[in-house]
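Here's the structure, in structure tokens; my notes come after.
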Amino acid sequence: MKLDPVVAQVTAALRERSAASRARYLARIDAARAGGVRRAALSCGNLAHGFAACGAADKAALRAGRTPNLAIVTAYNDMLSAHQPFERFPALIRAAAREAGATAQVAGGVPAMCDGITQGRAGMQLSLFSREVIALATAIALSHDMFDAALFLGVCDKIVPGLLIGALAFGHLPAIFVPAGPMPSGLPNEAKARVRQRHAEGQATREELLDAEAQSYHAPGTCTFYGTANSNQMLMEVMGLHLPGSTFVHPDTPLRDALTAQATRRALQITALGQEYLPLGHLLDERAIVNGVVGLHATGGSTNHLLHLVAIARAAGIDLRWDDFDALSNVVPLLARMYPNGSADVNHFHAAGGMGFLIGELLDGGLLHADIATVAGPGLQRYRVHVKLDAGAMLQQVPAPVHSGDANVLRPLAAPFRRDGGLRVLDGNLGRAVVKVSSVPEDRLVVEAPARVFDDQQQVRVAFARGELDRDVVVVVRGQGPRANGMPELHQLTPALSVLQARGHRVALVTDGRMSGASGKVPAAIHLTPEALAGGAIARLRDGDRVRLDALGGRLDVLVDAQEWQARVPVPPDTAADQAGCGRELFALLRAQVAAADLGAGVLGESA
């Protein structure tokens, strides 16, 4: 199938404006490869330190330096359900490597925090910056020059982007991302959402709410709604960094273990010691980045990736911009509906045909670059598969279904849920923002109402409880940008705003903060830049100003006389309470150096 002209145009423009920075990046990683097997350059003392703790067989192999040694970089901890399954993976990987005559070592661990636990808490202000910490920790893990390829064990929100940014700094090494898989389905998402809304209105007790949440988040594995964690997993497969079909297989199953062992064997095959050398920095090119954006639109994925994909691309010397997301959204249809954009979860998506069906439809429509390099080999066509174990417990690939198993969850290109990707970039006199409209009702795509301005989400919740927001209103939450307090998610606003909209009011949110993959039915202009602390126009807003969010026209404006608007002096938010406590004082340097949201809200900057 011929490539869609808009996809081709976006890719060509991306490649052209990235030419210089991409060339510098590739030259740097190619220079890092020039020395051959890095262990050979280590002194005897260096190398002895590197294998001192190994068993006799591994020690002999590492000492000889003729077989590959794999780095394992893991985000394991046993508090988070998504990462708890990784406890078993190093042993599985070492065993598979030894069977192939090679070795594997845990090179290092990276932190993994959970936005679900820190929502509305001070710890949430460390969440976005944890991506940079994870990237730095990944670099430290790989800095020992002991490795020929790396396996990355991570799932959730900032963990996968951080691992990938760190891995790209060592882009001369091959890399495979190894997922853990989702937990089984629990309490249906719509039932959970109803309890949350009842609790927000004071109609359900805390015990009832806790019981609903515990029935939803109930086992090892990724949370099953389609937020940032599962968007991460989709991206790794559509960009060719997972093995085909491996993304949504449950943890702690024979099939998951077989996939982990196969990832190990494949990593050994693509090192510089073999005939299929595939360095990460060359694999992850402009085409793979565009495929990631297309996958995000086609599945209604997390808005957090308007930050993360930009930062990942910049780490590879690629100048991805919000305008690229906007242009692609116009031609990529929405093929999947998962909560919060629908009632299904990722297990239902996988059962309906999953990634194999989705990738096949997008390839047939010319919406994905079929000719990318992948960790499984050349070309994305090899990802049109499902995986299973045969009668002898051997891993087997079978063709993905050509028809969806459930049209309420996953649809073909000929009958999408929407003709576009449901994402809009907004411009106007308030600045630049993004809005996800894939689940917003058609009659709420344009909202014009008086503003009510707040400095944090707790103030909104208090005003809601007092009945002060029981009307048409644009809720403005400022001082939530990366420079102000680390850009926490404002997910706790969702129940209250949803209640107001359900009462028939015209409601919208405008913020320089984040709403994440859990953005729902209320139109939300998020990631507004410049942020309030940087003198952005949101700092000029006053209670009662009429604000218009127009997702159809791509506009975000305050309807105030132009002369009066220009004369207003921005009122910077008071961030004093956000500067210390819960470790926030340790992140002052990051807050001071962070880039704007449309540049990825990163601190590490373009690596090229």
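Ordering of the structure tokens sets the chain letters (A, B, ...), residue numbers begin anew at 1 in every chain, and ligands are numbered from 1 in the order given.
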
Can you check which parts of region 292-390 of chain A lie within 6 Å of region 18-42 of chain A? Per residue, the shortest pair of atoms and distance in Å to one decimal, counting only C-alpha atoms, sorted by chain and number, as a Markdown table.
| residue | atom | partner | partner_atom | distance |
| --- | --- | --- | --- | --- |
| A:Gly317 | CA | A:Arg22 | CA | 4.2 |
| A:Ile318 | CA | A:Ser18 | CA | 5.1 |
| A:Asp319 | CA | A:Ser18 | CA | 5.4 |

Polymer residues at most 9 Å from Val507 (chain A), only C-alpha atoms, same-chain spacing of 4 or more positions, as a PyMOL selection string: chain A and resi 444+447-449+471-475+497-498+500-501+522-523

Atoms kept (C-alpha atoms) for selection, written as an mmCIF file, in the first residue's frame:
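Result file is out-v7.cif:
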data_model
loop_
_atom_site.group_PDB
_atom_site.id
_atom_site.type_symbol
_atom_site.label_atom_id
_atom_site.label_comp_id
_atom_site.auth_asym_id
_atom_site.auth_seq_id
_atom_site.Cartn_x
_atom_site.Cartn_y
_atom_site.Cartn_z
ATOM 1 C CA ARG A 444 -19.064 19.869 23.863
ATOM 2 C CA VAL A 447 -17.283 25.626 25.143
ATOM 3 C CA GLU A 448 -17.550 29.324 25.966
ATOM 4 C CA ALA A 449 -18.134 30.296 29.584
ATOM 5 C CA ARG A 471 -22.988 26.465 36.398
ATOM 6 C CA ASP A 472 -21.399 26.936 33.004
ATOM 7 C CA VAL A 473 -17.718 27.433 33.790
ATOM 8 C CA VAL A 474 -14.202 27.199 32.399
ATOM 9 C CA VAL A 475 -12.084 25.994 35.302
ATOM 10 C CA LEU A 497 -15.844 18.178 36.276
ATOM 11 C CA SER A 498 -17.644 15.093 34.967
ATOM 12 C CA LEU A 500 -20.846 19.239 36.431
ATOM 13 C CA GLN A 501 -21.023 18.260 32.772
ATOM 14 C CA VAL A 522 -14.744 16.931 29.629
ATOM 15 C CA PRO A 523 -12.837 19.118 27.122
#

Quick one: residues within 12 Å of Ser439 (chain A), only C-alpha atoms, excluding same-chain residues fewer than 4 positions away - as a compact mmCIF listing (two decimals) with N, CA and C atoms, in the first residue's frame?
# COMPACT_ATOMS: atom_id res chain seq x y z
N THR A 299 -5.24 4.73 18.54
CA THR A 299 -5.74 4.06 19.75
C THR A 299 -6.29 5.04 20.79
N GLY A 300 -6.23 6.35 20.52
CA GLY A 300 -6.69 7.31 21.52
C GLY A 300 -5.80 7.31 22.74
N GLY A 301 -4.48 7.25 22.51
CA GLY A 301 -3.53 7.09 23.61
C GLY A 301 -3.31 8.32 24.44
N LEU A 334 -9.51 6.87 14.45
CA LEU A 334 -9.53 6.20 15.75
C LEU A 334 -10.11 4.81 15.56
N ALA A 336 -9.63 2.17 17.98
CA ALA A 336 -9.81 1.45 19.24
C ALA A 336 -10.52 2.33 20.26
N ARG A 337 -11.34 1.71 21.06
CA ARG A 337 -11.97 2.42 22.18
C ARG A 337 -11.73 1.63 23.46
N MET A 338 -10.90 2.21 24.30
CA MET A 338 -10.63 1.63 25.61
C MET A 338 -10.80 2.72 26.66
N TYR A 339 -11.13 2.32 27.86
CA TYR A 339 -11.34 3.28 28.94
C TYR A 339 -10.08 4.14 29.14
N PRO A 340 -10.20 5.48 29.21
CA PRO A 340 -11.41 6.27 29.45
C PRO A 340 -12.17 6.72 28.21
N ASN A 341 -11.78 6.24 27.03
CA ASN A 341 -12.50 6.60 25.81
C ASN A 341 -13.63 5.63 25.49
N GLY A 342 -13.79 4.61 26.30
CA GLY A 342 -14.83 3.61 26.11
C GLY A 342 -14.88 2.75 27.35
N SER A 343 -15.64 1.67 27.30
CA SER A 343 -15.81 0.85 28.51
C SER A 343 -14.82 -0.32 28.58
N PHE A 417 -14.11 4.42 14.64
CA PHE A 417 -14.93 5.14 15.61
C PHE A 417 -14.99 6.62 15.27
N ARG A 418 -13.88 7.14 14.79
CA ARG A 418 -13.79 8.53 14.32
C ARG A 418 -12.93 8.55 13.07
N GLY A 421 -7.88 11.33 14.62
CA GLY A 421 -7.28 10.76 15.81
C GLY A 421 -7.74 11.36 17.12
N GLY A 422 -8.61 12.37 17.05
CA GLY A 422 -9.18 12.91 18.28
C GLY A 422 -8.24 13.76 19.10
N LEU A 423 -7.21 14.33 18.46
CA LEU A 423 -6.29 15.20 19.19
C LEU A 423 -6.18 16.52 18.44
N VAL A 435 -5.65 19.36 23.24
CA VAL A 435 -6.89 18.83 23.79
C VAL A 435 -7.15 17.48 23.14
N ASP A 443 -21.33 17.76 21.06
CA ASP A 443 -21.90 19.07 21.41
C ASP A 443 -21.08 19.80 22.47
N ARG A 444 -19.92 19.23 22.88
CA ARG A 444 -19.06 19.87 23.86
C ARG A 444 -17.68 20.21 23.29
N LEU A 445 -17.55 20.14 21.99
CA LEU A 445 -16.25 20.43 21.37
C LEU A 445 -15.96 21.93 21.35
N GLY A 517 -3.19 10.12 30.43
CA GLY A 517 -3.98 9.21 29.60
C GLY A 517 -5.37 9.00 30.14
N ALA A 518 -5.66 9.55 31.29
CA ALA A 518 -7.00 9.39 31.85
C ALA A 518 -7.91 10.56 31.50
N SER A 519 -7.49 11.42 30.56
CA SER A 519 -8.36 12.50 30.10
C SER A 519 -9.64 11.88 29.56
N GLY A 520 -10.78 12.47 29.90
CA GLY A 520 -12.04 11.82 29.58
C GLY A 520 -12.99 12.67 28.77
N LYS A 521 -14.24 12.78 29.24
CA LYS A 521 -15.32 13.35 28.45
C LYS A 521 -15.42 14.88 28.56
N VAL A 522 -14.71 15.47 29.47
CA VAL A 522 -14.74 16.93 29.63
C VAL A 522 -13.62 17.54 28.80
N PRO A 523 -13.91 18.51 27.91
CA PRO A 523 -12.84 19.12 27.12
C PRO A 523 -11.82 19.80 28.03
N ALA A 524 -10.54 19.47 27.80
CA ALA A 524 -9.47 19.96 28.68
C ALA A 524 -8.32 20.46 27.83

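Residue nearest Met515 (chain A) within the list A:Ser216, A:Ser302, A:Ser127, A:Gln275: A:Ser302 [criterion: smallest interatomic distance, only C-alpha atoms].
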
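For the set A:Pro174, A:Gly123, A:Gly116, A:Pro399, the residue with the smallest atom-to-atom gap to Leu273 (chain A) is A:Pro174, counting only C-alpha atoms.
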
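Distance check against Ala97 (chain A) using only C-alpha atoms: of A:Ala139, A:Glu489, A:Thr118, A:Thr260, the minimum falls on A:Thr260.
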
Exercise: Val402 (chain A) partners within 10 Å, only C-alpha atoms, chain neighbours under 2 positions left out, as a PyMOL selection string: chain A and resi 353+356-358+360-361+384+399-400+404-405+412

Next, write the just-selected residues to a file, as an mmCIF file, in the first residue's frame, keeping C-alpha atoms as the atom set.
data_model
loop_
_atom_site.group_PDB
_atom_site.id
_atom_site.type_symbol
_atom_site.label_atom_id
_atom_site.label_comp_id
_atom_site.auth_asym_id
_atom_site.auth_seq_id
_atom_site.Cartn_x
_atom_site.Cartn_y
_atom_site.Cartn_z
ATOM 1 C CA GLY A 353 -7.338 -8.690 17.643
ATOM 2 C CA GLY A 356 -1.514 -7.501 15.263
ATOM 3 C CA PHE A 357 -4.890 -6.480 13.837
ATOM 4 C CA LEU A 358 -4.298 -2.771 14.499
ATOM 5 C CA GLY A 360 -2.243 -4.658 9.863
ATOM 6 C CA GLU A 361 -5.070 -2.181 9.299
ATOM 7 C CA ARG A 384 0.849 -8.711 11.963
ATOM 8 C CA PRO A 399 -1.284 -14.556 11.558
ATOM 9 C CA ALA A 400 -3.353 -11.941 13.327
ATOM 10 C CA SER A 404 -12.061 -7.648 14.616
ATOM 11 C CA GLY A 405 -13.370 -9.928 17.305
ATOM 12 C CA PRO A 412 -11.164 -1.829 10.739
#

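Omitting Leu128 (chain A) and its sequence neighbours fewer than 5 positions away, and counting only C-alpha atoms, the residues within 8 Å are A:Lys158, A:Gly486, A:Met487, A:Pro488.
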
Restricting it to C-alpha atoms, dump the selection as a PDB file, in the first residue's frame.
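Dumped everything to out.pdb:
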ATOM      1  CA  LYS A 158       7.712   7.904  32.939  1.00  0.00           C
ATOM      2  CA  GLY A 486       7.022  19.737  38.048  1.00  0.00           C
ATOM      3  CA  MET A 487       3.753  19.603  36.068  1.00  0.00           C
ATOM      4  CA  PRO A 488       1.734  17.114  38.143  1.00  0.00           C
TER       5      PRO A 488
END

Residue set, region 93-186 of chain A restricted to strand (DSSP E), as a ChimeraX atom specification: /A:103-109,149-153,175-177

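Comparing the minimum interatomic distances between Arg256 (chain A) and each of A:Ala229, A:Leu389, A:Leu278, A:Ala272, counting only C-alpha atoms, we find that A:Leu389 sits nearest.
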
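The shell of residues at most 10 Å from Ala261 (chain A), with only C-alpha atoms counted and near chain neighbours (fewer than 3 positions) removed, consists of A:Phe89, A:Leu92, A:Ile93, A:Arg94, A:Ala95, A:Ala96, A:Ala97, A:Val178, A:Leu255, A:Arg256, A:Asp257, A:Ala258, A:Thr264, A:Arg265, A:Arg266, A:Ala267, A:Leu395.
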
Please save N, CA and C atoms of the selected residues as a compact mmCIF listing (two decimals), in the first residue's frame.
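Final file, part.txt:
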# COMPACT_ATOMS: atom_id res chain seq x y z
N PHE A 89 12.44 -11.90 36.03
CA PHE A 89 12.99 -11.80 34.69
C PHE A 89 14.50 -11.97 34.62
N LEU A 92 15.35 -15.59 34.36
CA LEU A 92 14.93 -16.13 33.06
C LEU A 92 15.90 -15.71 31.96
N ILE A 93 16.32 -14.46 32.00
CA ILE A 93 17.21 -13.93 30.97
C ILE A 93 18.59 -14.57 31.08
N ARG A 94 19.10 -14.69 32.29
CA ARG A 94 20.42 -15.32 32.46
C ARG A 94 20.41 -16.76 31.97
N ALA A 95 19.33 -17.47 32.29
CA ALA A 95 19.24 -18.87 31.86
C ALA A 95 19.20 -18.98 30.34
N ALA A 96 18.41 -18.14 29.70
CA ALA A 96 18.32 -18.17 28.24
C ALA A 96 19.65 -17.79 27.60
N ALA A 97 20.34 -16.82 28.18
CA ALA A 97 21.65 -16.41 27.64
C ALA A 97 22.66 -17.55 27.77
N VAL A 178 11.34 -5.23 27.06
CA VAL A 178 10.71 -6.50 27.43
C VAL A 178 9.54 -6.19 28.37
N LEU A 255 3.55 -18.41 28.49
CA LEU A 255 3.75 -17.64 27.25
C LEU A 255 4.60 -16.41 27.52
N ARG A 256 4.33 -15.72 28.62
CA ARG A 256 5.16 -14.54 28.94
C ARG A 256 6.61 -14.95 29.16
N ASP A 257 6.84 -16.04 29.87
CA ASP A 257 8.22 -16.50 30.10
C ASP A 257 8.91 -16.86 28.79
N ALA A 258 8.17 -17.50 27.88
CA ALA A 258 8.75 -17.87 26.59
C ALA A 258 9.13 -16.63 25.79
N THR A 264 15.67 -12.46 24.87
CA THR A 264 17.09 -12.66 25.20
C THR A 264 17.85 -13.21 24.01
N ARG A 265 17.29 -14.27 23.42
CA ARG A 265 17.97 -14.88 22.27
C ARG A 265 18.09 -13.89 21.11
N ARG A 266 17.05 -13.11 20.89
CA ARG A 266 17.09 -12.15 19.80
C ARG A 266 18.11 -11.04 20.07
N ALA A 267 18.21 -10.59 21.30
CA ALA A 267 19.22 -9.57 21.64
C ALA A 267 20.62 -10.07 21.35
N LEU A 395 7.37 -21.45 21.41
CA LEU A 395 6.77 -20.19 20.98
C LEU A 395 6.46 -20.24 19.49
